[in-house]
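Take a look at the structure below.
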Amino acid sequence: ARPAERIDGSGLRLTMVGHSSLLIQTAGLNILTDPVWSPRVSPLSFAGPKRVNAPGIAFSQLPPIDLVLVSHNHYDHLDLATLKRLKAKHDPLVLTPLGNDAIIDDVVPGMRLMAHDWGDRVEIGDGVAVHVEPVHHWSARGARDRRMALWAGFVVETPDAKVYFAGDTGFHSGTNYRLMADKHGGFRLAILPIGAYEPRWFMAPQHQNPEEAVQGMRLCNAAHAAGCHWGTFQLTNEPIDEPARKLAEALEAEGVPQERFRALRPGEIWDVPEIS
């Protein structure tokens with residue numbers, strides 16, 4: 001994909017990079033979620049999960065990046081090599097939950113960082129704010145720092161829309177989705193994880209499956225949803241392309257039109273309709 005430089009006003013364009021990395025363009029802002037352009041998501045350059053497809057936007061083709069949302073510190077979400085490249089070329093503001101700022105600043109000194117707790121509202125300017133919200137997950141970069149940095153989702157609030165990026169989450173009986181509906185009313189778009197869910201006995205507390213993602217879409221009152229966290233890195237037992245098939249089956253079973261919840265592939269662009 002070759003993104004437009006800006007999408008102004010009420011337009012909302014989503015471009016899939018891969019896994020949980022997406023470009024959100026709305027209200028004149030360019031926002032990246034959990035950006036990863038590296039070939040592996042691992043502490044080692046020669047081992048660990050390797051991407052099976054190129055990023056859907058070449059790094060050189062990125063428009064000016066204003067804001068980066070980093071949900072937590074797992075290697076498939078917090079990629080220090082990519083953040084270093086973004087700092088050098090775009091110098092964006094990075095918003096992340098508490099503790100992850102120390103990890104980033106140690107390797108990318110001078111990066112513009114803001115670290116916040118669940119429930120915080122961050123004013124970005126021109127009527128745009130970002131809310132830091134709870135999700136059901138955990139954090140670690142190694143064997144000795146488990147849960148020492150916070151994990152979160154984000155709600156981007158503009159004058160024309162609310163966009164919910166759930167980061168990485170287990171379904172947790174829908175608790176946080178109900179909280180989002182109660183707090184925010186609903187969303188024009190929810191970006192929800194649909195992959196890395198098998199075996200369920202082990203993964204259910206931390207990664208929801210496509211059926212649960214459809215329930216989450218309905219519980220948080222999202223008009224549209226985009227599926228992420230699938231199709232780029234083989235992290236768990238299910239086939240890497242299974243989440244999209246399971247999502248289509250879940251939507252049909254629930255009577256939700258397929259065009260409302262799309263399992264985006266790298267390079268795919270979606271101009272998300274306004275809520276009618």
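Starting from 1 in every chain, residues are counted up; chains themselves are A, B, ... following the order of the structure tokens, and ligands are numbered from 1 as listed.
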
Write down as a ChimeraX atom specification the residues of stretch 37-103 of chain A whose backbone DSSP state falls under strand (DSSP E). /A:67-69,93-97

Excluding same-chain residues fewer than 3 positions from A:Met217, what lies within 10 Å of it counting only C-alpha atoms, as a VMD selection string? chain A and resid 174 177 186 to 187 189 to 192 212 to 214 220 to 226 260 to 261

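Considering the residues A:Pro64, A:Gly185, A:Pro239, A:Pro49 and counting only C-alpha atoms, A:Tyr197 has its shortest atom-to-atom contact with A:Pro239.
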
Expressed in Å, the length from atom CA of A:Asp106 to atom CA of A:Ser42 is 17.7 Å

Cut-off 10 Å: closest stretch 115-202 of chain A/stretch 76-85 of chain A atom pairs per residue, using only C-alpha atoms, as a Markdown table:
```
| residue | atom | partner | partner_atom | distance |
| --- | --- | --- | --- | --- |
| A:Arg141 | CA | A:Leu78 | CA | 9.5 |
| A:Gly167 | CA | A:His77 | CA | 8.5 |
| A:Asp168 | CA | A:His77 | CA | 8.7 |
```

Neighbour list for A:Asp91 as a PDB file with C-alpha atoms, in the first residue's frame, cut-off 10 Å, only C-alpha atoms, skip fewer than 2 positions in-chain:
```pdb
ATOM      1  CA  PRO A  64       4.494  11.446   8.378  1.00  0.00           C
ATOM      2  CA  ILE A  65       3.758   9.608  11.623  1.00  0.00           C
ATOM      3  CA  ASP A  66       2.382  11.767  14.429  1.00  0.00           C
ATOM      4  CA  LEU A  67       1.499   9.264  17.123  1.00  0.00           C
ATOM      5  CA  VAL A  68       2.480   5.690  18.017  1.00  0.00           C
ATOM      6  CA  LEU A  83      10.838   2.504  17.160  1.00  0.00           C
ATOM      7  CA  LYS A  84      14.437   3.582  16.588  1.00  0.00           C
ATOM      8  CA  ARG A  85      13.741   3.929  12.849  1.00  0.00           C
ATOM      9  CA  LEU A  86      10.559   5.875  13.538  1.00  0.00           C
ATOM     10  CA  LYS A  87      12.398   8.226  15.884  1.00  0.00           C
ATOM     11  CA  ALA A  88      15.073   8.934  13.251  1.00  0.00           C
ATOM     12  CA  LYS A  89      12.656   9.591  10.395  1.00  0.00           C
ATOM     13  CA  LEU A  93       4.954  10.959  20.103  1.00  0.00           C
ATOM     14  CA  VAL A  94       4.802   7.472  21.652  1.00  0.00           C
ATOM     15  CA  GLY A 110      15.292  11.195  23.171  1.00  0.00           C
ATOM     16  CA  MET A 111      12.100   9.551  21.917  1.00  0.00           C
ATOM     17  CA  ARG A 112       9.072  11.601  22.860  1.00  0.00           C
TER      18      ARG A 112
END
```

Could you find all residues in stretch 31-135 of chain A that DSSP calls alpha helix (DSSP H) from the backbone, and write them as a VMD selection string? chain A and resid 80 to 89 100 to 107

Output the selection as a short mmCIF file (atom, residue, chain, number, x, y, z; two decimals), in the first residue's frame - C-alpha atoms for each residue.
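Once everything was written out, this is result27.cif:
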```cif
data_model
loop_
_atom_site.label_atom_id
_atom_site.label_comp_id
_atom_site.auth_asym_id
_atom_site.auth_seq_id
_atom_site.Cartn_x
_atom_site.Cartn_y
_atom_site.Cartn_z
CA LEU A 80 12.70 -1.39 19.62
CA ALA A 81 14.41 -1.57 16.21
CA THR A 82 11.30 -0.20 14.53
CA LEU A 83 10.84 2.50 17.16
CA LYS A 84 14.44 3.58 16.59
CA ARG A 85 13.74 3.93 12.85
CA LEU A 86 10.56 5.87 13.54
CA LYS A 87 12.40 8.23 15.88
CA ALA A 88 15.07 8.93 13.25
CA LYS A 89 12.66 9.59 10.40
CA ASN A 100 7.25 0.59 28.94
CA ASP A 101 8.69 4.10 28.63
CA ALA A 102 11.77 2.95 30.58
CA ILE A 103 12.32 0.05 28.16
CA ILE A 104 12.03 2.33 25.13
CA ASP A 105 14.08 5.22 26.51
CA ASP A 106 16.95 2.87 27.36
CA VAL A 107 17.40 1.95 23.67
#
```

Interatomic distance (Å, one decimal) between atom CA of A:Asp117 and atom CA of A:Leu23: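 Answer for the atom CA of A:Asp117 to atom CA of A:Leu23 separation: 23.5 Å.
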
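Going from atom CA of A:Gly48 to atom CA of A:Asn209 covers 22.7 Å.
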
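If you count only C-alpha atoms and ignore residues fewer than 5 places along the chain from A:Met16, what sits within 10 Å of it is Ala1, Ser21, Leu22, Leu23, Ile24, Pro55, Gly56, Ile57, Ala226, Gly227, Cys228, Ala263, Leu264, Arg265, Pro266, Gly267, Glu268, Ile269 and Trp270 of chain A.
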
May I have the residues from that selection written out with all heavy atoms, as a tab-separated table (two decimals), in the first residue's frame?
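Resulting contents of selection.tsv:
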```tsv
chain	number	residue	atom	x	y	z
A	1	ALA	N	0.84	-1.19	0.00
A	1	ALA	CA	0.00	0.00	0.00
A	1	ALA	C	0.88	1.24	0.00
A	1	ALA	O	1.96	1.26	0.59
A	1	ALA	CB	-0.91	0.00	1.22
A	21	SER	N	0.19	-4.32	13.81
A	21	SER	CA	0.67	-3.04	13.29
A	21	SER	C	-0.30	-2.54	12.23
A	21	SER	O	-0.47	-3.18	11.19
A	21	SER	CB	2.07	-3.18	12.69
A	21	SER	OG	2.97	-3.74	13.61
A	22	LEU	N	-0.94	-1.42	12.52
A	22	LEU	CA	-1.89	-0.81	11.59
A	22	LEU	C	-1.66	0.69	11.54
A	22	LEU	O	-1.22	1.30	12.52
A	22	LEU	CB	-3.34	-1.09	12.00
A	22	LEU	CG	-3.74	-2.57	12.08
A	22	LEU	CD1	-3.73	-3.04	13.53
A	22	LEU	CD2	-5.12	-2.79	11.48
A	23	LEU	N	-1.97	1.27	10.39
A	23	LEU	CA	-1.94	2.71	10.23
A	23	LEU	C	-3.37	3.23	10.27
A	23	LEU	O	-4.20	2.83	9.45
A	23	LEU	CB	-1.28	3.10	8.90
A	23	LEU	CG	-1.33	4.58	8.51
A	23	LEU	CD1	-0.53	5.44	9.49
A	23	LEU	CD2	-0.82	4.78	7.07
A	24	ILE	N	-3.66	4.08	11.24
A	24	ILE	CA	-4.96	4.73	11.36
A	24	ILE	C	-4.79	6.17	10.88
A	24	ILE	O	-3.95	6.90	11.39
A	24	ILE	CB	-5.45	4.73	12.81
A	24	ILE	CG1	-5.51	3.30	13.36
A	24	ILE	CG2	-6.81	5.41	12.92
A	24	ILE	CD1	-5.72	3.25	14.87
A	55	PRO	N	5.87	-6.43	5.39
A	55	PRO	CA	4.95	-5.42	5.90
A	55	PRO	C	4.08	-4.86	4.78
A	55	PRO	O	4.55	-4.64	3.66
A	55	PRO	CB	5.88	-4.35	6.48
A	55	PRO	CG	7.12	-5.10	6.85
A	55	PRO	CD	7.27	-6.15	5.79
A	56	GLY	N	2.82	-4.63	5.08
A	56	GLY	CA	1.87	-4.16	4.07
A	56	GLY	C	2.13	-2.74	3.59
A	56	GLY	O	1.57	-2.32	2.58
A	57	ILE	N	2.95	-2.00	4.31
A	57	ILE	CA	3.46	-0.70	3.87
A	57	ILE	C	4.97	-0.75	4.00
A	57	ILE	O	5.49	-1.05	5.09
A	57	ILE	CB	2.92	0.47	4.73
A	57	ILE	CG1	1.40	0.46	4.81
A	57	ILE	CG2	3.42	1.81	4.18
A	57	ILE	CD1	0.84	1.46	5.82
A	226	ALA	N	-12.06	-4.55	12.78
A	226	ALA	CA	-10.97	-5.08	11.98
A	226	ALA	C	-10.21	-6.09	12.82
A	226	ALA	O	-9.86	-5.82	13.98
A	226	ALA	CB	-10.02	-3.97	11.53
A	227	GLY	N	-9.97	-7.27	12.24
A	227	GLY	CA	-9.24	-8.30	12.95
A	227	GLY	C	-7.74	-8.17	12.77
A	227	GLY	O	-7.26	-8.01	11.64
A	228	CYS	N	-7.00	-8.22	13.86
A	228	CYS	CA	-5.55	-8.14	13.81
A	228	CYS	C	-4.97	-9.31	14.61
A	228	CYS	O	-5.68	-10.21	15.03
A	228	CYS	CB	-5.05	-6.80	14.35
A	228	CYS	SG	-5.34	-6.54	16.12
A	263	ALA	N	-11.14	-9.41	8.53
A	263	ALA	CA	-9.82	-9.91	8.92
A	263	ALA	C	-8.81	-9.34	7.92
A	263	ALA	O	-8.61	-9.89	6.84
A	263	ALA	CB	-9.81	-11.43	8.91
A	264	LEU	N	-8.18	-8.24	8.28
A	264	LEU	CA	-7.34	-7.52	7.32
A	264	LEU	C	-6.03	-8.25	7.05
A	264	LEU	O	-5.41	-8.80	7.95
A	264	LEU	CB	-7.05	-6.12	7.83
A	264	LEU	CG	-8.27	-5.19	7.97
A	264	LEU	CD1	-7.81	-3.81	8.44
A	264	LEU	CD2	-9.04	-5.07	6.67
A	265	ARG	N	-5.61	-8.20	5.79
A	265	ARG	CA	-4.34	-8.78	5.35
A	265	ARG	C	-3.33	-7.67	5.07
A	265	ARG	O	-3.73	-6.54	4.78
A	265	ARG	CB	-4.58	-9.64	4.10
A	265	ARG	CG	-5.38	-10.90	4.39
A	265	ARG	CD	-5.98	-11.53	3.14
A	265	ARG	NE	-6.57	-12.84	3.41
A	265	ARG	CZ	-7.77	-13.03	3.97
A	265	ARG	NH1	-8.50	-11.97	4.31
A	265	ARG	NH2	-8.23	-14.24	4.18
A	266	PRO	N	-2.04	-7.97	5.14
A	266	PRO	CA	-1.04	-6.93	4.93
A	266	PRO	C	-1.24	-6.20	3.60
A	266	PRO	O	-1.40	-6.82	2.55
A	266	PRO	CB	0.28	-7.70	4.95
A	266	PRO	CG	0.01	-8.86	5.85
A	266	PRO	CD	-1.41	-9.25	5.53
A	267	GLY	N	-1.25	-4.88	3.67
A	267	GLY	CA	-1.46	-4.05	2.50
A	267	GLY	C	-2.90	-3.71	2.22
A	267	GLY	O	-3.19	-2.88	1.34
A	268	GLU	N	-3.83	-4.33	2.94
A	268	GLU	CA	-5.24	-4.05	2.71
A	268	GLU	C	-5.62	-2.70	3.32
A	268	GLU	O	-5.22	-2.35	4.43
A	268	GLU	CB	-6.09	-5.17	3.32
A	268	GLU	CG	-7.56	-5.11	2.95
A	268	GLU	CD	-8.33	-6.35	3.35
A	268	GLU	OE1	-7.71	-7.32	3.84
A	268	GLU	OE2	-9.56	-6.35	3.16
A	269	ILE	N	-6.42	-1.95	2.56
A	269	ILE	CA	-6.86	-0.61	2.96
A	269	ILE	C	-8.38	-0.63	3.12
A	269	ILE	O	-9.10	-1.20	2.29
A	269	ILE	CB	-6.46	0.45	1.91
A	269	ILE	CG1	-4.94	0.50	1.75
A	269	ILE	CG2	-7.01	1.82	2.29
A	269	ILE	CD1	-4.49	1.33	0.57
A	270	TRP	N	-8.86	-0.01	4.18
A	270	TRP	CA	-10.30	0.04	4.45
A	270	TRP	C	-10.70	1.46	4.82
A	270	TRP	O	-10.22	2.00	5.81
A	270	TRP	CB	-10.64	-0.92	5.57
A	270	TRP	CG	-12.12	-1.09	5.83
A	270	TRP	CD1	-13.15	-0.67	5.04
A	270	TRP	CD2	-12.72	-1.73	6.98
A	270	TRP	NE1	-14.35	-1.02	5.61
A	270	TRP	CE2	-14.12	-1.68	6.78
A	270	TRP	CE3	-12.19	-2.34	8.11
A	270	TRP	CZ2	-15.01	-2.20	7.72
A	270	TRP	CZ3	-13.08	-2.89	9.04
A	270	TRP	CH2	-14.47	-2.81	8.84
```

Select, from A:His131, A:His172, A:Arg262, A:Arg245, the residue with the minimum atom-to-atom distance to A:Ala204, counting only C-alpha atoms.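 Among the listed residues, the smallest separation from A:Ala204 belongs to A:His172.
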
A:Ile124 proximity check over A:Arg200, A:Arg51, A:Ala27, A:Pro109, using only C-alpha atoms: winner is A:Ala27

Determine the nearest neighbour of A:Gln61 from the options A:Ser10, A:Pro3, A:Val17, A:Gln25, counting only C-alpha atoms.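 Of the candidates, the smallest distance to A:Gln61 is held by A:Pro3.
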
For A:Arg121, which of A:Ile31, A:Val156, A:Ala143, A:Leu150 is the closest residue, counting only C-alpha atoms?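 Smallest separation from A:Arg121 among the options: A:Val156.
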
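Residue nearest A:Gly142, chosen from A:Trp230, A:Tyr75, A:Trp37, A:Phe59 and counting only C-alpha atoms: A:Tyr75.
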